[in-house]
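A.B. asks: Have a look at this one.
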Amino acid sequence: MNYQAQQAEKRRRQQEAAAVRAHNAAVREAERRRREADRARAAAVRASEAERKAAEKEAARLHAEARIAEVEALNRDLDAAYSDIDSLLEWTLSFDDFVDLASLKVVAEHPPFEPGPDGKPAPAVPEPFAPPRPNYVRPPAPSGLSGAFGGKKRHAQEMLRAESAHQHAMRQWQEHVRQQRLAYDGNVAARAKAEEARAQRLSRAEDAYRNECAERESEAAARNDELAKLINDLAFDVEAAIDEYVGIVLSNSVYPTSFLVEHEHEFELATRELRMQVHVPEPSSLPTVREYRYVKARDEVTSTQLSAKAQKDRYASAVHQVAVRTLHEVFEADRAGKIRSIALTVGANHVSPATGRPEYVPLVVVAADRETFVEFDLRNVVPSATLDHLGAAVSKAPIDLVPADTSRGVRQRGQ
């Protein structure tokens with residue numbers, strides 16, 4: 001189911017987030033000091049002799065600090081990786097591995113509709129502002145003696161000129177008003193056309209949004225139907241449903257990136273036994289450095305290696321922890337008691353030096369029944385002792401990929 005992978009990825013991101021933040025902070029600090037050293041070296045080139053020596057000394061100091069910060073970041077990452085590997089069992093004991101399937105029901109979430117520019121209509125075209133209508137100003141009539149000495153004739157001429165000027169002004173005004181109206185009508189028509197196109201685009205966008213919402217609703221409904229079927233099948237002991245539930249539980253079992261684990265499983269209803277095969281990293285994939293150091297005299301970062309015994313003990317412990325952790329996670333998650341026993345093999349894949357072909361090497365083979373295992377207080381156990389108590393077949397040298405001796409059945413050992 002899709003949500004299995006989503007849940008696993010979510011848990012993995014949560015687990016890694018703090019380590020990533022610490023690593024990034026250390027890297028930023030190392031980069032900051034390196035930049036300071038670069039600036040100090042640049043200052044030394046520009047300085048006088050005395051200043052140059054002082055600047056060189058300061059640059060050397062800052063450079064050493066930058067390298068030391070780099071080494072500190074490497075060692076923090078190394079310590080975090082080893083801490084993760086050494087606490088594989090402890091980590092899972094902090095969580096309840098039961099998965100409430102009903103809580104996995106989803107509700108379709110829809111982003112708000114974002115029409116963009118098409119969601120806002122264009123502003124209305126403003127009405128044209130016509131200039132004032134020209135007024136006809138009648139020339140004043142002559143009075144007194146001016147009317148007796150040709151004034152009337154001059155007045156008649158002024159009247160003709162005034163009327164002509166007024167008619168000309170009226171024609172200009174009318175043409176201006178006409179052009180304004182034509183422009184206005186054109187703008188109104190263009191806006192109407194643009195608005196029609198905008199409305200069509202908006203309608204298509206709304207249709208697309210509704211279709212996307214419907215698709216999300218359909219997907220959510222399909223997932224919820226699938227989940228409801230799983231819950232119902234679990235209640236009626238459908239074999240495939242029990243096996244699928246185990247897959248959901250194990251997808252939530254988040255391992256550190258320094259020790260990634262994969263699971264295979266199959267449930268048999270007739271015996272109510274879960275057969276499991278767990279794949280752990282091969283020994284060569286684990287870090288072997290004990291510590292990083294900065295050697296100032298040579299301006300280099302060196303490392304010291306873990307002792308062979310420390311590497312051997314850490315890998316064997318991790319394998320044993322994975323075995324006990326896997327049994328715990330499945331039994332704890334199975335509150336309904338659908339699974340009575342688990343037949344578990346923990347091993348590593350590698351290329352056989354004898355055949356040159358890939359092979360799976362069993363490092364732990366153990367069978368555990370529910371009634372016995374759930375009585376253990378895993379906060380106080382030593383995983384190797386727990387496996388011995390269960391009669392497990394355990395590799396004598398996991399780091400050398402020596403297979404566990406299964407010549408005697410593990411169930412016979414446990415009797």
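The way I read the labels, and the way they are meant: chains A, B, ... in the order of the structure tokens, residue 1 as the first residue of every chain, and ligand 1 as the first ligand shown, with later ones counted on from there.
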Can you tell me which residues surround segment 293-307 of chain A at a distance of at most 12 Å, considering only C-alpha atoms, apart from same-chain residues fewer than 3 positions away, and format the answer as number ranges by chain?
C.D. replies: A: 60-61, 63-75, 78, 82, 286-290, 310-314
A.B. asks: Which neighbours of Arg216 of chain A fall inside 8 Å, counting only C-alpha atoms, when residues of the same chain fewer than 2 positions from it are skipped, and could you give them as a ChimeraX atom specification?
C.D. replies: /A:108-110,212-214,218-220
A.B. asks: Using only C-alpha atoms, which of the listed residues (A:Gly337, A:Ala42, A:Met276, A:Arg325) sits closest to Val365 of chain A?
C.D. replies: A:Met276
A.B. asks: List the neighbours of Gly116 of chain A out to 12 Å using only C-alpha atoms; skip same-chain residues closer than 4 positions along the sequence, and give me the result as a ChimeraX atom specification.
C.D. replies: /A:112,120-121,198,201-202,205-206
A.B. asks: Using only N, CA and C atoms, please write the residues we just selected to a file, as a short mmCIF file (atom, residue, chain, number, x, y, z; two decimals), in the first residue's frame.
C.D. replies:
data_model
loop_
_atom_site.label_atom_id
_atom_site.label_comp_id
_atom_site.auth_asym_id
_atom_site.auth_seq_id
_atom_site.Cartn_x
_atom_site.Cartn_y
_atom_site.Cartn_z
N PRO A 112 -6.12 25.89 -2.29
CA PRO A 112 -7.09 26.92 -2.72
C PRO A 112 -7.00 27.15 -4.22
N LYS A 120 -9.53 38.29 -11.82
CA LYS A 120 -9.93 39.67 -11.57
C LYS A 120 -10.35 40.32 -12.88
N PRO A 121 -11.60 40.83 -12.98
CA PRO A 121 -12.03 41.46 -14.23
C PRO A 121 -11.27 42.74 -14.49
N ARG A 198 -11.30 36.10 -21.04
CA ARG A 198 -10.92 35.85 -19.64
C ARG A 198 -11.92 34.91 -18.97
N ARG A 201 -11.25 31.43 -20.11
CA ARG A 201 -10.07 30.85 -19.46
C ARG A 201 -10.37 30.52 -18.00
N LEU A 202 -11.07 31.42 -17.33
CA LEU A 202 -11.42 31.18 -15.93
C LEU A 202 -12.31 29.96 -15.80
N ALA A 205 -10.18 26.95 -16.17
CA ALA A 205 -9.37 26.75 -14.96
C ALA A 205 -10.22 26.19 -13.83
N GLU A 206 -11.44 26.69 -13.70
CA GLU A 206 -12.33 26.18 -12.65
C GLU A 206 -12.71 24.73 -12.91
#
A.B. asks: Point out the residue among A:Ser352, A:Ser341, A:Gln179, A:Ser94 with the least atom-to-atom distance to Glu371 of chain A, counting only C-alpha atoms.
C.D. replies: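 Checking each candidate against Glu371 of chain A, we get A:Ser341 as the closest.
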A.B. asks: Quick one: pick out all alpha helix (DSSP H) residues within segment 64-278 of chain A from a backbone DSSP run and write them as a ChimeraX atom specification.
C.D. replies: /A:64-86,88-92,151-235,239-251
A.B. asks: Find the residues near Pro362 of chain A: any atom within 7 Å, counting only C-alpha atoms, skip ones fewer than 2 places away on the same chain, and give them as a count of residues only.
C.D. replies: 9
A.B. asks: Restricting the calculation to only C-alpha atoms: of A:Ala130, A:Asp97, A:Gln321, A:Gly151, which residue gets closest to Glu175 of chain A?
C.D. replies: A:Ala130
A.B. asks: Quote the spacing between atom CA of Ala235 of chain A and atom CA of Leu101 of chain A in Å to one decimal place.
C.D. replies: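 Atom CA of Ala235 of chain A sits 11.9 Å away from atom CA of Leu101 of chain A.
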A.B. asks: Between A:Arg39, A:Ile231, A:Ala192, A:Asn252, single out the one closest to Glu329 of chain A, counting only C-alpha atoms.
C.D. replies: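 Under the stated criterion, the closest residue is A:Asn252.
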